[in-house]
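S.K.: What follows is work-v6.cif, made up of mmCIF, C-alpha atoms and all ligand atoms:
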data_run
#
loop_
_atom_site.label_atom_id
_atom_site.label_comp_id
_atom_site.auth_asym_id
_atom_site.auth_seq_id
_atom_site.Cartn_x
_atom_site.Cartn_y
_atom_site.Cartn_z
CA MET W 230 114.56 101.13 -34.38
CA LYS W 231 112.91 100.05 -31.14
CA VAL W 232 116.31 99.36 -29.63
CA LEU W 233 117.49 102.82 -30.61
CA SER W 234 114.55 104.57 -28.99
CA PHE W 235 114.89 102.42 -25.90
CA ILE W 236 118.55 103.43 -25.60
CA ARG W 237 117.53 107.06 -26.09
CA SER W 238 114.96 106.92 -23.30
CA LEU W 239 117.52 105.21 -21.11
CA LEU W 240 120.08 107.96 -21.78
CA VAL W 241 117.47 110.58 -21.01
CA SER W 242 116.75 109.00 -17.63
CA ILE W 243 120.41 108.52 -16.83
CA ALA W 244 121.20 112.14 -17.71
CA GLY W 245 118.54 113.18 -15.22
CA CYS W 246 117.09 115.42 -17.90
CA GLY W 247 113.66 114.97 -16.35
CA LEU W 248 114.74 116.80 -13.25
CA LEU W 249 116.11 119.85 -15.02
CA SER W 250 113.68 122.33 -16.45
CA ALA W 251 116.51 123.80 -18.58
CA CYS W 252 116.46 120.65 -20.68
CA ALA W 253 113.56 121.18 -23.09
CA PRO W 254 111.52 118.18 -24.26
CA GLY W 255 111.72 117.10 -27.90
CA PRO W 256 108.59 117.84 -29.96
CA THR W 257 107.20 114.32 -29.54
CA GLU W 258 108.54 113.55 -26.07
CA LEU W 259 105.74 112.90 -23.61
CA VAL W 260 106.09 114.92 -20.39
CA VAL W 261 104.69 113.33 -17.24
CA TYR W 262 104.33 115.07 -13.89
CA SER W 263 104.24 112.28 -11.32
CA ALA W 264 103.68 112.21 -7.59
CA ARG W 265 104.56 108.54 -7.69
CA ASN W 266 108.18 107.79 -6.83
CA GLU W 267 110.46 107.21 -9.77
CA GLU W 268 111.09 103.62 -8.65
CA HIS W 269 107.36 102.91 -8.92
CA ILE W 270 106.93 104.34 -12.39
CA GLN W 271 110.18 104.37 -14.39
CA PRO W 272 110.24 100.60 -15.18
CA ILE W 273 106.74 100.95 -16.66
CA PHE W 274 107.76 103.97 -18.73
CA ASP W 275 110.80 102.05 -19.97
CA ARG W 276 108.59 99.15 -21.05
CA TYR W 277 106.30 101.51 -22.98
CA SER W 278 109.23 103.29 -24.62
CA ALA W 279 110.76 99.97 -25.64
CA GLN W 280 107.45 98.76 -27.12
CA THR W 281 106.37 101.91 -28.93
CA GLY W 282 109.40 104.15 -29.38
CA GLN W 283 107.59 106.91 -27.44
CA THR W 284 110.09 108.71 -25.25
CA ILE W 285 108.87 109.99 -21.90
CA ARG W 286 110.26 112.63 -19.63
CA LEU W 287 109.42 112.09 -15.98
CA ILE W 288 109.22 114.96 -13.51
CA THR W 289 108.52 113.83 -9.96
CA ASP W 290 107.51 115.82 -6.90
CA ASP W 291 104.80 115.73 -4.23
CA ALA W 292 101.25 116.16 -5.52
CA GLY W 293 100.81 119.66 -4.01
CA PRO W 294 103.83 121.27 -5.72
CA LEU W 295 103.05 119.50 -9.03
CA ILE W 296 99.48 120.84 -9.00
CA GLU W 297 100.70 124.34 -8.09
CA ARG W 298 103.24 124.16 -10.88
CA LEU W 299 100.62 123.07 -13.43
CA ALA W 300 98.35 125.92 -12.34
CA ALA W 301 101.17 128.47 -12.52
CA GLU W 302 102.37 127.25 -15.93
CA GLY W 303 98.88 127.36 -17.41
CA ARG W 304 98.90 127.31 -21.21
CA ASN W 305 102.70 127.30 -21.27
CA SER W 306 103.00 124.01 -19.41
CA ALA W 307 105.04 121.30 -21.11
CA ALA W 308 103.21 118.64 -19.09
CA ASP W 309 100.96 116.16 -20.89
CA LEU W 310 99.95 113.86 -18.07
CA LEU W 311 99.55 114.11 -14.30
CA ILE W 312 99.97 110.91 -12.30
CA THR W 313 99.22 110.92 -8.58
CA VAL W 314 97.95 108.84 -5.71
CA ASP W 315 94.52 109.31 -4.12
CA ALA W 316 91.29 110.09 -5.93
CA GLY W 317 90.84 113.13 -3.70
CA VAL W 318 93.97 114.70 -5.19
CA LEU W 319 92.89 113.94 -8.76
CA TRP W 320 89.44 115.33 -8.02
CA HIS W 321 91.05 118.52 -6.71
CA ALA W 322 93.24 118.89 -9.84
CA ALA W 323 90.14 118.43 -12.03
CA GLN W 324 88.22 121.02 -9.98
CA LEU W 325 91.03 123.51 -10.60
CA GLY W 326 90.59 122.98 -14.36
CA LEU W 327 94.04 121.38 -14.73
CA LEU W 328 92.83 118.20 -16.48
CA GLN W 329 90.91 117.70 -19.71
CA PRO W 330 88.20 115.14 -20.47
CA VAL W 331 89.33 112.13 -22.50
CA ASP W 332 86.62 110.29 -24.36
CA SER W 333 88.14 106.85 -24.80
CA PRO W 334 86.18 103.61 -25.29
CA VAL W 335 89.34 101.70 -24.29
CA LEU W 336 89.61 103.48 -20.92
CA LYS W 337 85.87 103.11 -20.32
CA ALA W 338 86.11 99.38 -20.99
CA ASN W 339 89.24 98.76 -18.90
CA VAL W 340 88.73 101.05 -15.90
CA PRO W 341 85.62 100.30 -13.78
CA GLU W 342 83.18 103.17 -13.64
CA ASN W 343 83.61 103.82 -9.91
CA LEU W 344 87.40 104.15 -10.30
CA ARG W 345 87.32 107.00 -12.83
CA ASP W 346 86.02 110.55 -12.98
CA PRO W 347 82.36 110.73 -14.05
CA GLY W 348 83.57 113.62 -16.25
CA ASN W 349 86.43 111.49 -17.76
CA ARG W 350 89.20 113.82 -16.56
CA TRP W 351 91.06 111.15 -14.56
CA PHE W 352 91.26 107.38 -14.53
CA GLY W 353 92.39 104.85 -11.93
CA LEU W 354 95.58 103.00 -12.87
CA SER W 355 95.85 100.80 -9.77
CA ARG W 356 93.77 100.20 -6.70
CA ARG W 357 94.61 99.93 -3.01
CA ALA W 358 92.37 99.11 -0.08
CA ARG W 359 92.51 100.86 3.30
CA THR W 360 91.40 98.27 5.78
CA ILE W 361 91.87 96.77 9.24
CA VAL W 362 95.18 95.20 10.31
CA TYR W 363 95.35 93.13 13.50
CA SER W 364 97.72 91.27 15.78
CA THR W 365 97.44 87.53 15.14
CA GLU W 366 98.70 87.04 18.73
CA ARG W 367 95.98 89.00 20.53
CA VAL W 368 93.00 89.24 18.14
CA GLN W 369 90.76 86.65 16.53
CA PRO W 370 89.41 87.66 13.11
CA ALA W 371 85.90 86.72 14.33
CA GLU W 372 86.12 89.69 16.74
CA LEU W 373 86.40 92.09 13.80
CA GLU W 374 83.75 93.39 11.45
CA SER W 375 83.84 96.97 10.17
CA TYR W 376 85.46 100.40 10.50
CA GLU W 377 82.50 101.24 12.72
CA SER W 378 83.03 98.18 14.93
CA LEU W 379 86.42 99.60 16.00
CA THR W 380 84.38 102.04 18.14
CA ASP W 381 83.25 99.15 20.33
CA ALA W 382 84.30 99.37 24.00
CA LYS W 383 86.24 96.11 23.69
CA TRP W 384 88.86 98.00 21.63
CA LYS W 385 89.42 100.62 24.37
CA LYS W 386 93.18 101.43 24.48
CA ARG W 387 93.77 98.80 21.79
CA LEU W 388 93.42 100.88 18.60
CA CYS W 389 96.24 102.62 16.71
CA LEU W 390 95.60 105.19 13.97
CA ARG W 391 97.67 107.20 11.55
CA THR W 392 97.30 110.98 11.72
CA SER W 393 94.16 112.60 10.28
CA LYS W 394 96.54 114.85 8.29
CA SER W 395 97.12 111.91 5.94
CA VAL W 396 95.11 112.24 2.74
CA TYR W 397 94.44 108.49 3.02
CA ASN W 398 92.46 109.00 6.23
CA GLN W 399 90.78 112.10 4.84
CA SER W 400 89.59 110.02 1.88
CA LEU W 401 88.53 107.14 4.13
CA VAL W 402 86.44 109.45 6.32
CA ALA W 403 85.03 111.18 3.21
CA MET W 404 83.90 107.79 1.92
CA LEU W 405 82.39 106.96 5.32
CA ILE W 406 80.41 110.21 5.07
CA ALA W 407 79.21 109.15 1.59
CA GLN W 408 78.10 105.85 3.09
CA HIS W 409 76.74 106.74 6.56
CA GLY W 410 76.10 110.49 6.46
CA GLU W 411 77.94 113.09 8.53
CA ALA W 412 76.30 112.57 11.93
CA GLN W 413 76.91 108.82 11.99
CA THR W 414 80.48 109.23 10.67
CA GLU W 415 81.24 111.73 13.43
CA LYS W 416 80.12 109.15 15.99
CA ILE W 417 82.45 106.60 14.39
CA VAL W 418 85.44 108.95 14.40
CA ARG W 419 84.77 110.01 18.01
CA GLY W 420 84.56 106.33 18.91
CA TRP W 421 87.95 105.66 17.31
CA VAL W 422 89.54 108.58 19.16
CA ALA W 423 88.11 107.26 22.45
CA ASN W 424 89.71 103.86 21.82
CA LEU W 425 93.22 105.06 20.91
CA ALA W 426 96.06 103.29 22.72
CA THR W 427 98.76 105.74 21.62
CA PRO W 428 99.13 109.15 19.94
CA VAL W 429 98.50 109.00 16.19
CA PHE W 430 101.30 107.81 13.90
CA ALA W 431 103.03 109.63 11.04
CA ASN W 432 102.66 106.68 8.68
CA ASP W 433 101.18 103.20 8.25
CA ILE W 434 104.46 101.32 8.72
CA LEU W 435 105.10 102.86 12.17
CA LEU W 436 101.52 102.01 13.10
CA MET W 437 101.96 98.34 12.16
CA GLN W 438 105.28 98.15 13.98
CA ALA W 439 103.47 99.44 17.08
CA ILE W 440 100.91 96.62 16.80
CA ALA W 441 103.70 94.06 16.33
CA ALA W 442 105.46 95.50 19.40
CA GLY W 443 102.31 95.13 21.52
CA GLN W 444 101.46 98.83 21.93
CA CYS W 445 98.03 98.21 20.40
CA ASP W 446 96.12 95.36 18.73
CA VAL W 447 94.27 96.77 15.72
CA GLY W 448 94.68 99.60 13.20
CA ILE W 449 93.74 100.81 9.73
CA VAL W 450 96.29 100.77 6.90
CA ASN W 451 96.73 100.73 3.13
CA THR W 452 97.23 97.22 1.82
CA TYR W 453 100.53 97.86 0.00
CA TYR W 454 102.22 99.10 3.20
CA PHE W 455 101.21 95.82 4.81
CA GLY W 456 102.69 94.12 1.75
CA ARG W 457 106.00 95.98 2.07
CA LEU W 458 106.28 95.12 5.76
CA GLN W 459 105.37 91.48 5.09
CA ARG W 460 108.00 91.31 2.32
CA ASP W 461 110.68 92.62 4.70
CA GLN W 462 109.54 90.65 7.75
CA PRO W 463 107.65 87.56 6.51
CA ARG W 464 106.99 86.33 10.05
CA ILE W 465 105.53 89.54 11.45
CA PRO W 466 102.46 88.52 13.52
CA LEU W 467 99.97 90.73 11.68
CA LYS W 468 97.15 90.09 9.25
CA LEU W 469 94.76 92.11 7.12
CA PHE W 470 91.03 91.93 7.79
CA TRP W 471 88.58 93.02 5.07
CA ALA W 472 86.33 95.64 6.66
CA ASP W 473 82.61 96.04 5.96
CA GLN W 474 82.15 92.78 4.04
CA GLN W 475 78.58 92.35 5.32
CA THR W 476 77.69 95.92 4.41
CA ALA W 477 79.17 98.50 2.01
CA GLY W 478 82.49 96.82 1.21
CA THR W 479 86.09 97.76 2.02
CA HIS W 480 87.25 101.31 1.25
CA VAL W 481 89.37 101.44 -1.89
CA ASN W 482 91.32 104.28 -3.42
CA ILE W 483 93.42 104.65 -6.54
CA THR W 484 96.62 105.73 -8.11
CA GLY W 485 95.44 107.49 -11.23
CA ALA W 486 96.20 109.87 -14.06
CA GLY W 487 94.68 112.54 -16.24
CA VAL W 488 95.68 114.36 -19.40
CA THR W 489 96.54 117.95 -18.51
CA ALA W 490 94.27 120.78 -19.71
CA HIS W 491 96.92 122.29 -22.01
CA ALA W 492 98.80 119.11 -22.96
CA PRO W 493 100.92 119.80 -26.07
CA ARG W 494 100.78 116.07 -26.89
CA ALA W 495 97.25 115.16 -25.71
CA GLU W 496 96.85 112.42 -28.29
CA ALA W 497 100.09 110.69 -27.27
CA ALA W 498 99.08 111.07 -23.61
CA ARG W 499 95.72 109.37 -24.30
CA LYS W 500 97.49 106.49 -26.08
CA PHE W 501 99.83 106.01 -23.11
CA LEU W 502 96.88 106.03 -20.67
CA GLU W 503 95.10 103.44 -22.79
CA TRP W 504 98.23 101.27 -22.83
CA LEU W 505 98.48 101.55 -19.03
CA SER W 506 94.90 100.25 -18.73
CA GLN W 507 95.57 97.08 -20.78
CA PRO W 508 95.85 93.81 -18.81
CA ASP W 509 99.57 93.37 -19.65
CA ALA W 510 100.59 96.77 -18.32
CA GLN W 511 98.03 96.54 -15.51
CA ALA W 512 99.69 93.48 -14.00
CA MET W 513 103.01 95.37 -13.96
CA VAL W 514 101.54 98.67 -12.71
CA ALA W 515 99.85 96.89 -9.79
CA ALA W 516 102.65 94.50 -8.87
CA ILE W 517 105.39 97.13 -8.75
CA ASP W 518 104.06 98.44 -5.42
CA LEU W 519 101.88 95.50 -4.32
CA GLU W 520 98.61 97.14 -5.37
CA TYR W 521 95.60 95.71 -7.18
CA PRO W 522 95.03 96.16 -10.91
CA VAL W 523 91.94 98.21 -11.82
CA SER W 524 91.35 95.96 -14.84
CA SER W 525 89.63 92.74 -13.80
CA ALA W 526 91.41 91.02 -16.71
CA ALA W 527 94.83 91.45 -15.06
CA PRO W 528 96.12 89.13 -12.33
CA ALA W 529 97.18 90.43 -8.92
CA ASP W 530 100.72 89.74 -7.73
CA PRO W 531 100.88 86.36 -5.87
CA GLN W 532 101.74 88.05 -2.54
CA VAL W 533 98.70 90.33 -2.91
CA ALA W 534 96.42 87.52 -4.09
CA ALA W 535 97.35 85.56 -0.94
CA TRP W 536 95.53 88.15 1.21
CA GLY W 537 92.27 86.73 -0.20
CA GLU W 538 89.32 88.06 -2.12
CA PHE W 539 87.27 90.91 -0.74
CA LYS W 540 84.22 92.94 -1.62
CA PRO W 541 85.32 96.53 -2.39
CA SER W 542 83.04 99.49 -1.83
CA PRO W 543 81.21 100.23 -5.09
CA LEU W 544 81.02 103.98 -4.37
CA ASN W 545 82.72 106.23 -6.89
CA VAL W 546 86.10 107.30 -5.50
CA ALA W 547 85.30 110.86 -6.65
CA SER W 548 83.40 111.15 -3.36
CA ALA W 549 86.79 111.13 -1.64
CA GLY W 550 87.42 114.53 -3.21
CA GLU W 551 83.95 116.01 -2.97
CA LEU W 552 83.58 115.18 0.71
CA GLN W 553 87.19 115.74 1.82
CA PRO W 554 86.65 119.27 3.19
CA ALA W 555 83.72 117.96 5.26
CA ALA W 556 85.87 115.02 6.40
CA VAL W 557 88.70 117.31 7.54
CA ARG W 558 86.29 119.51 9.54
CA LEU W 559 84.63 116.45 11.04
CA MET W 560 87.92 114.90 12.19
CA ASP W 561 88.90 118.23 13.69
CA ARG W 562 85.62 118.45 15.64
CA ALA W 563 86.03 114.87 16.82
CA GLY W 564 89.50 115.60 18.23
CA TYR W 565 91.25 113.27 15.79
CA LEU W 566 94.71 114.81 15.45
FE FE O 1 101.27 105.61 0.18
#
Could I get this structure in the form of structure tokens?
M.R.:
Amino acid sequence: MKVLSFIRSLLVSIAGCGLLSACAPGPTELVVYSARNEEHIQPIFDRYSAQTGQTIRLITDDAGPLIERLAAEGRNSAADLLITVDAGVLWHAAQLGLLQPVDSPVLKANVPENLRDPGNRWFGLSRRARTIVYSTERVQPAELESYESLTDAKWKKRLCLRTSKSVYNQSLVAMLIAQHGEAQTEKIVRGWVANLATPVFANDILLMQAIAAGQCDVGIVNTYYFGRLQRDQPRIPLKLFWADQQTAGTHVNITGAGVTAHAPRAEAARKFLEWLSQPDAQAMVAAIDLEYPVSSAAPADPQVAAWGEFKPSPLNVASAGELQPAAVRLMDRAGYL
């Protein structure tokens, strides 16, 4: 029976049914809107289908279009679950009324309180840190300390940053506002801008390649991008440094999910979310893109574990959403492009 349903889910993925709205879901087929790439999610779906017989239809797009689509579809939406990266995006979807609260003791036990919506409309599935990366050829880790310390004059023309248009930086700055207040955060961002060695980068990988090439010495990146680069170029002379260990802890964000407001199969969606939060699934969810599990009972991938332990910020990641508009205005004022 299990084999049959596994083959069925396989055929569904091969047929590309998930990409065609003309192909209607079966009455029990779970429909997932995902801003995560198919390669980062399909193997997990396949595992769940094989274990439970639950078939899943995956529809992938960027977060913006998926949220617009959910809003436009309203009560007629076939979607049961929204999966996306960044707590700010999940917060926004919840604000628009697109997600429903899920009261689940399993999710409460497995997902730490600061990595889920206080209103239970979304839950972290994996965790990433956004922290300092440095050249092992030109920087000693003892010279580093915090996001704020990158404003120090010694980093003049030595700092590289990704564009402020990235939701990752918007969330980072929002969390800095939650921690330091707006006035102090503006000083920090102005200090970064004053220390830039190059124009801002379109993504974290280009930024790290610039450090490796000697264009700058330090930067701020998401841990899994460092992991990808390290996997492709094991000898790249870069290392991660855990920011703010003496103070608030390193900024973390999540990949997360919520049951949609009008989910036709809300119960099946809750069960799938609960399964994703179990240690077994957690290890797989985190390892597939070199992230950290949210469940402390699940091990990190060996490559990720090798970066060492760190103290994460205990602030609720919901602040990334609440304070994002203020963060965007602040970065604009500070001349951070
Ligand atoms: Fe990313």
S.K.: Between atom CA of Phe274 of chain W and atom CA of Arg359 of chain W, what is the distance, to one decimal in Å?
M.R.: 27.0 Å
S.K.: May I ask you to write as a list in words all residues lying at most 10 Å from ligand FE 1 (chain O), with only C-alpha atoms and all ligand atoms counted?
M.R.: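 Residues lying within 10 Å of ligand FE 1 (chain O): Arg265, Val314, Asp315, Arg357, Ser395, Val396, Tyr397, Asn432, Asp433, Val450, Asn451, Thr452, Tyr453, Tyr454, Thr484 and Asp518 of chain W.
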S.K.: Restricting the calculation to only C-alpha atoms, which member of W:Pro528, W:Pro370, W:Ala407, W:Pro493 is positioned closest to Asp509 of chain W?
M.R.: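 Between W:Pro528, W:Pro370, W:Ala407, W:Pro493, the residue approaching Asp509 of chain W most closely is W:Pro528.
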S.K.: Excluding segment 294-311 of chain W and residues on its chain fewer than 3 positions from it, collect all residues at most 7 Å away from it, counting only C-alpha atoms, and give them as a PyMOL selection string.
M.R.: chain W and resi 259-263+290-291+322+327+486-489+491-495+498
S.K.: Taking all atoms listed in the file into account, which of W:Val422, W:Leu354, W:Ala264, W:Val362 comes nearest Lys385 of chain W?
M.R.: W:Val422
S.K.: What is the atom CA of Thr360 of chain W to atom CA of Ser378 of chain W distance in Å?
M.R.: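 Between atom CA of Thr360 of chain W and atom CA of Ser378 of chain W the gap is 12.4 Å.
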S.K.: Considering all atoms listed in the file, state which residue in the set W:Ser278, W:Gln511, W:Val523, W:Cys389 is at the smallest distance from Arg345 of chain W.
M.R.: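 Among W:Ser278, W:Gln511, W:Val523, W:Cys389, it is W:Val523 that comes nearest to Arg345 of chain W.
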